[in-house]
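Take a look at the structure below.
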Amino acid sequence: MAFNWKTFKTRALTAIIFAAVMLTGLLWNQWSFLILISVIHVGCWLEYFKLFEKIHKTLYHWLTRVGLIVFGFAIVFRFCGDQFQIDGYRLQEKLTIPVSFVGAGMLVLGIFATKKINLKAFGSAALGLLYISMTWGMMAGLYISEIIESNKNHPVPDIVNNVIYNISKPWFIPLIIVCSIWINDTMAYIVGSLIGKRPLSKISPKKTWEGTIGGIILATITTGLIFSNINAGIVRSYHFEFLTTPLYIIAAIAAIFGTFGDLLESKLKRMAGVKDSGSLMPGHGGFLDRFDSLLLAIPAVWVYVNYIL
């Protein structure tokens, strides 16, 4: 197939803009981070509704849509930690319950305003609270996690003879997840193009076992090396202890579950009979197309960080 320069330039320009917006939101401060995940949260919900309207051949009442999105924000706020506050006004304490009541109220009104309720369609929509809202809430929760490194000014115990890293930047873990998925997608495509022979799944026939395994391995190694060697000079505070090894584990978890997230969204699109979930980015699809991997990777990393590490 002939190489299309026009398509390539469009996709490349869109990808650069997308990366710039993502990195700005992730790295600037906690409010840019919250705004970023809030926009993604709403965008994912809107496309999620469209997919399931096609799957169940129904239409969700606007009150049902807004009610679920608002209730979803209550879930996101529930995960927001101490960093998300203004003059002692903590979003978690002040907004979670009021916003949940508003969302629930709108949802009830939407149910009564619907002439005939499709229980399967309603149940599918409600699952979005777990699939979308809880995921982005967990991302907000990971924003407060910090990693520590041993140094002369702040000695820490030698744990299993491994170097302990001190990374106090709250965006550290979210950035590991995002970078691991980006690298995995790129490497899986390159490896699959070069040596891929065996299809991974009927859901996504272009993916191969060789590309998938190669992408995961290269993403884990590359991401682990990058974040294990971040200049310790940026660190000034110490809050949470990590071995170097967990950085590789986080990268591996993100790559593996990100692959499953991609397959899940591909399955939903196939059920809905659409190629892309939306048209946010020319040549790249919509919100769910861009963030499908994160929707499973984030919860998996969150569980590892909070219950296993």
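Ligands are numbered from 1 in the order shown, residues from 1 within each chain, and chains are lettered A, B, ... in the order they appear in the structure tokens.
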
Checklist entry - Among range 184-213 of chain A, which ones does DSSP place in helix (DSSP H, G or I), written as a ChimeraX atom specification? => result /A:184-195,209-213

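Contact shell of Thr186 in chain A at 10 Å (only C-alpha atoms; same-chain neighbours under 3 positions omitted): Ser180, Ile181, Trp182, Ile183, Tyr189, Ile190, Val191, Gly192, Gly211, Gly215, Leu218 and Ala219 of chain A.
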
Residue selection dump (N, CA, C and O atoms) as a PDB file, in the first residue's frame:
ATOM      1  N   SER A 180       4.383   4.319  29.735  1.00  0.00           N
ATOM      2  CA  SER A 180       4.444   2.886  29.470  1.00  0.00           C
ATOM      3  C   SER A 180       3.465   2.503  28.368  1.00  0.00           C
ATOM      4  O   SER A 180       3.802   1.714  27.465  1.00  0.00           O
ATOM      5  N   ILE A 181       2.269   3.065  28.413  1.00  0.00           N
ATOM      6  CA  ILE A 181       1.262   2.750  27.393  1.00  0.00           C
ATOM      7  C   ILE A 181       1.657   3.327  26.040  1.00  0.00           C
ATOM      8  O   ILE A 181       1.520   2.657  25.004  1.00  0.00           O
ATOM      9  N   TRP A 182       2.153   4.550  26.031  1.00  0.00           N
ATOM     10  CA  TRP A 182       2.600   5.149  24.761  1.00  0.00           C
ATOM     11  C   TRP A 182       3.724   4.320  24.148  1.00  0.00           C
ATOM     12  O   TRP A 182       3.717   4.038  22.947  1.00  0.00           O
ATOM     13  N   ILE A 183       4.709   3.947  24.953  1.00  0.00           N
ATOM     14  CA  ILE A 183       5.837   3.167  24.441  1.00  0.00           C
ATOM     15  C   ILE A 183       5.364   1.787  24.003  1.00  0.00           C
ATOM     16  O   ILE A 183       5.791   1.268  22.953  1.00  0.00           O
ATOM     17  N   TYR A 189       3.515  -1.912  17.649  1.00  0.00           N
ATOM     18  CA  TYR A 189       3.297  -1.676  16.219  1.00  0.00           C
ATOM     19  C   TYR A 189       4.560  -1.990  15.419  1.00  0.00           C
ATOM     20  O   TYR A 189       4.510  -2.665  14.386  1.00  0.00           O
ATOM     21  N   ILE A 190       5.719  -1.526  15.919  1.00  0.00           N
ATOM     22  CA  ILE A 190       6.981  -1.737  15.199  1.00  0.00           C
ATOM     23  C   ILE A 190       7.351  -3.225  15.165  1.00  0.00           C
ATOM     24  O   ILE A 190       7.650  -3.781  14.103  1.00  0.00           O
ATOM     25  N   VAL A 191       7.307  -3.875  16.336  1.00  0.00           N
ATOM     26  CA  VAL A 191       7.662  -5.299  16.400  1.00  0.00           C
ATOM     27  C   VAL A 191       6.680  -6.128  15.579  1.00  0.00           C
ATOM     28  O   VAL A 191       7.075  -7.033  14.838  1.00  0.00           O
ATOM     29  N   GLY A 192       5.403  -5.808  15.707  1.00  0.00           N
ATOM     30  CA  GLY A 192       4.390  -6.536  14.941  1.00  0.00           C
ATOM     31  C   GLY A 192       4.568  -6.374  13.448  1.00  0.00           C
ATOM     32  O   GLY A 192       4.372  -7.327  12.679  1.00  0.00           O
ATOM     33  N   GLY A 211       4.012  -8.856  18.320  1.00  0.00           N
ATOM     34  CA  GLY A 211       3.996  -7.420  18.576  1.00  0.00           C
ATOM     35  C   GLY A 211       3.569  -7.100  19.995  1.00  0.00           C
ATOM     36  O   GLY A 211       4.163  -6.222  20.648  1.00  0.00           O
ATOM     37  N   GLY A 215       6.075  -5.467  22.573  1.00  0.00           N
ATOM     38  CA  GLY A 215       5.710  -4.142  23.075  1.00  0.00           C
ATOM     39  C   GLY A 215       5.729  -4.075  24.586  1.00  0.00           C
ATOM     40  O   GLY A 215       6.247  -3.120  25.175  1.00  0.00           O
ATOM     41  N   LEU A 218       9.494  -4.325  25.871  1.00  0.00           N
ATOM     42  CA  LEU A 218      10.245  -3.102  25.600  1.00  0.00           C
ATOM     43  C   LEU A 218       9.700  -1.912  26.391  1.00  0.00           C
ATOM     44  O   LEU A 218      10.464  -1.059  26.856  1.00  0.00           O
ATOM     45  N   ALA A 219       8.383  -1.849  26.566  1.00  0.00           N
ATOM     46  CA  ALA A 219       7.784  -0.765  27.352  1.00  0.00           C
ATOM     47  C   ALA A 219       8.204  -0.860  28.811  1.00  0.00           C
ATOM     48  O   ALA A 219       8.518   0.150  29.453  1.00  0.00           O
TER      49      ALA A 219
END

Contacts of Phe101 in chain A at 12 Å or less, counting only C-alpha atoms, minus same-chain residues fewer than 5 places along, as a PDB file with N, CA, C and O atoms, in the first residue's frame?
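Written out: around08.pdb:
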ATOM      1  N   GLY A  67     -27.000  12.956  34.787  1.00  0.00           N
ATOM      2  CA  GLY A  67     -27.003  12.411  36.141  1.00  0.00           C
ATOM      3  C   GLY A  67     -25.854  11.454  36.381  1.00  0.00           C
ATOM      4  O   GLY A  67     -25.177  11.514  37.422  1.00  0.00           O
ATOM      5  N   LEU A  68     -25.595  10.569  35.416  1.00  0.00           N
ATOM      6  CA  LEU A  68     -24.495   9.621  35.564  1.00  0.00           C
ATOM      7  C   LEU A  68     -23.141  10.324  35.526  1.00  0.00           C
ATOM      8  O   LEU A  68     -22.231   9.974  36.284  1.00  0.00           O
ATOM      9  N   VAL A  70     -22.515  13.479  36.413  1.00  0.00           N
ATOM     10  CA  VAL A  70     -22.361  14.229  37.660  1.00  0.00           C
ATOM     11  C   VAL A  70     -22.054  13.286  38.817  1.00  0.00           C
ATOM     12  O   VAL A  70     -21.165  13.555  39.639  1.00  0.00           O
ATOM     13  N   PHE A  71     -22.781  12.177  38.893  1.00  0.00           N
ATOM     14  CA  PHE A  71     -22.503  11.194  39.947  1.00  0.00           C
ATOM     15  C   PHE A  71     -21.082  10.649  39.788  1.00  0.00           C
ATOM     16  O   PHE A  71     -20.392  10.393  40.777  1.00  0.00           O
ATOM     17  N   GLY A  72     -20.649  10.506  38.531  1.00  0.00           N
ATOM     18  CA  GLY A  72     -19.281  10.063  38.278  1.00  0.00           C
ATOM     19  C   GLY A  72     -18.259  11.031  38.835  1.00  0.00           C
ATOM     20  O   GLY A  72     -17.219  10.619  39.357  1.00  0.00           O
ATOM     21  N   PHE A  73     -18.560  12.347  38.740  1.00  0.00           N
ATOM     22  CA  PHE A  73     -17.642  13.335  39.304  1.00  0.00           C
ATOM     23  C   PHE A  73     -17.556  13.197  40.820  1.00  0.00           C
ATOM     24  O   PHE A  73     -16.505  13.461  41.414  1.00  0.00           O
ATOM     25  N   ALA A  74     -18.651  12.794  41.455  1.00  0.00           N
ATOM     26  CA  ALA A  74     -18.616  12.570  42.900  1.00  0.00           C
ATOM     27  C   ALA A  74     -17.613  11.464  43.232  1.00  0.00           C
ATOM     28  O   ALA A  74     -16.882  11.543  44.222  1.00  0.00           O
ATOM     29  N   ILE A  75     -17.568  10.442  42.383  1.00  0.00           N
ATOM     30  CA  ILE A  75     -16.604   9.354  42.575  1.00  0.00           C
ATOM     31  C   ILE A  75     -15.178   9.869  42.393  1.00  0.00           C
ATOM     32  O   ILE A  75     -14.277   9.526  43.164  1.00  0.00           O
ATOM     33  N   LEU A  95     -17.215  18.281  48.404  1.00  0.00           N
ATOM     34  CA  LEU A  95     -17.979  18.107  47.165  1.00  0.00           C
ATOM     35  C   LEU A  95     -18.527  16.702  46.936  1.00  0.00           C
ATOM     36  O   LEU A  95     -19.517  16.543  46.223  1.00  0.00           O
ATOM     37  N   THR A  96     -17.903  15.690  47.516  1.00  0.00           N
ATOM     38  CA  THR A  96     -18.299  14.313  47.209  1.00  0.00           C
ATOM     39  C   THR A  96     -19.779  14.051  47.463  1.00  0.00           C
ATOM     40  O   THR A  96     -20.511  13.603  46.571  1.00  0.00           O
ATOM     41  N   MET A 106     -30.772  13.751  39.555  1.00  0.00           N
ATOM     42  CA  MET A 106     -30.970  13.879  38.109  1.00  0.00           C
ATOM     43  C   MET A 106     -31.195  12.511  37.475  1.00  0.00           C
ATOM     44  O   MET A 106     -31.986  12.369  36.529  1.00  0.00           O
ATOM     45  N   LEU A 107     -30.519  11.516  38.000  1.00  0.00           N
ATOM     46  CA  LEU A 107     -30.678  10.157  37.480  1.00  0.00           C
ATOM     47  C   LEU A 107     -32.093   9.646  37.714  1.00  0.00           C
ATOM     48  O   LEU A 107     -32.716   9.043  36.827  1.00  0.00           O
ATOM     49  N   VAL A 108     -32.629   9.899  38.908  1.00  0.00           N
ATOM     50  CA  VAL A 108     -34.009   9.495  39.226  1.00  0.00           C
ATOM     51  C   VAL A 108     -35.000  10.214  38.321  1.00  0.00           C
ATOM     52  O   VAL A 108     -35.938   9.613  37.782  1.00  0.00           O
TER      53      VAL A 108
END

Item to check | Spatial neighbours of Ile221 in chain A, 12 Å, only C-alpha atoms, chain gap at least 3 places, as a PyMOL selection string | outcome: chain A and resi 176+179-180+183-184+187+214-218+224-228+245+247-252+255

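The smallest atom-to-atom distance between Leu109 in chain A and any of A:Phe84, A:Trp45, A:Phe77, A:Trp62, using only C-alpha atoms, is found for A:Trp62.
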
Next on the checklist: Report as a ChimeraX atom specification all protein, DNA and RNA residues lying within 7 Å of range 295-304 of chain A, evaluated on only C-alpha atoms, omitting residues in the same chain fewer than 3 positions from it.
Outcome noted: /A:131-132,135,138-139,142,250,253-254,257-258,261,291-292,307-309

With C-alpha atoms retained, export the selected residues as a PDB file, in the first residue's frame.
ATOM      1  CA  TYR A 131     -15.289   1.692  33.839  1.00  0.00           C
ATOM      2  CA  ILE A 132     -14.855   5.463  33.476  1.00  0.00           C
ATOM      3  CA  THR A 135     -10.797   4.853  36.819  1.00  0.00           C
ATOM      4  CA  MET A 138      -8.076   6.370  40.880  1.00  0.00           C
ATOM      5  CA  MET A 139      -5.840   8.432  38.609  1.00  0.00           C
ATOM      6  CA  LEU A 142      -2.357   8.103  42.242  1.00  0.00           C
ATOM      7  CA  ILE A 250       4.148  -0.551  37.457  1.00  0.00           C
ATOM      8  CA  ILE A 253       1.164  -3.706  34.741  1.00  0.00           C
ATOM      9  CA  ALA A 254       0.273  -0.621  32.702  1.00  0.00           C
ATOM     10  CA  PHE A 257      -3.633  -4.203  31.290  1.00  0.00           C
ATOM     11  CA  GLY A 258      -3.459  -1.416  28.735  1.00  0.00           C
ATOM     12  CA  GLY A 261      -8.167  -2.200  27.715  1.00  0.00           C
ATOM     13  CA  PHE A 291      -7.714   6.418  26.515  1.00  0.00           C
ATOM     14  CA  ASP A 292      -9.064   2.854  26.282  1.00  0.00           C
ATOM     15  CA  TYR A 307      -2.669  -3.018  48.383  1.00  0.00           C
ATOM     16  CA  ILE A 308       0.365  -4.963  47.174  1.00  0.00           C
ATOM     17  CA  LEU A 309       3.344  -2.623  47.226  1.00  0.00           C
TER      18      LEU A 309
END

Checklist outcome for this item: Using only C-alpha atoms, the best pick from A:Ala140, A:Leu200, A:Val99, A:Leu36 as closest to Ala20 in chain A would be A:Leu36

Checklist entry - Which neighbours of Ser201 in chain A fall inside 12 Å, counting only C-alpha atoms, when residues of the same chain fewer than 5 positions from it are skipped, and could you give them as a list in words? => result Lys206, Lys207, Thr208, Trp209, Thr212, Thr259, Phe260, Asp262, Leu263, Leu264, Ser266 and Lys267 of chain A

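Minimum distance to Val178 in chain A across A:Ile111, A:Leu59, A:Leu294, A:Ile35 (counting only C-alpha atoms) occurs at A:Leu294.
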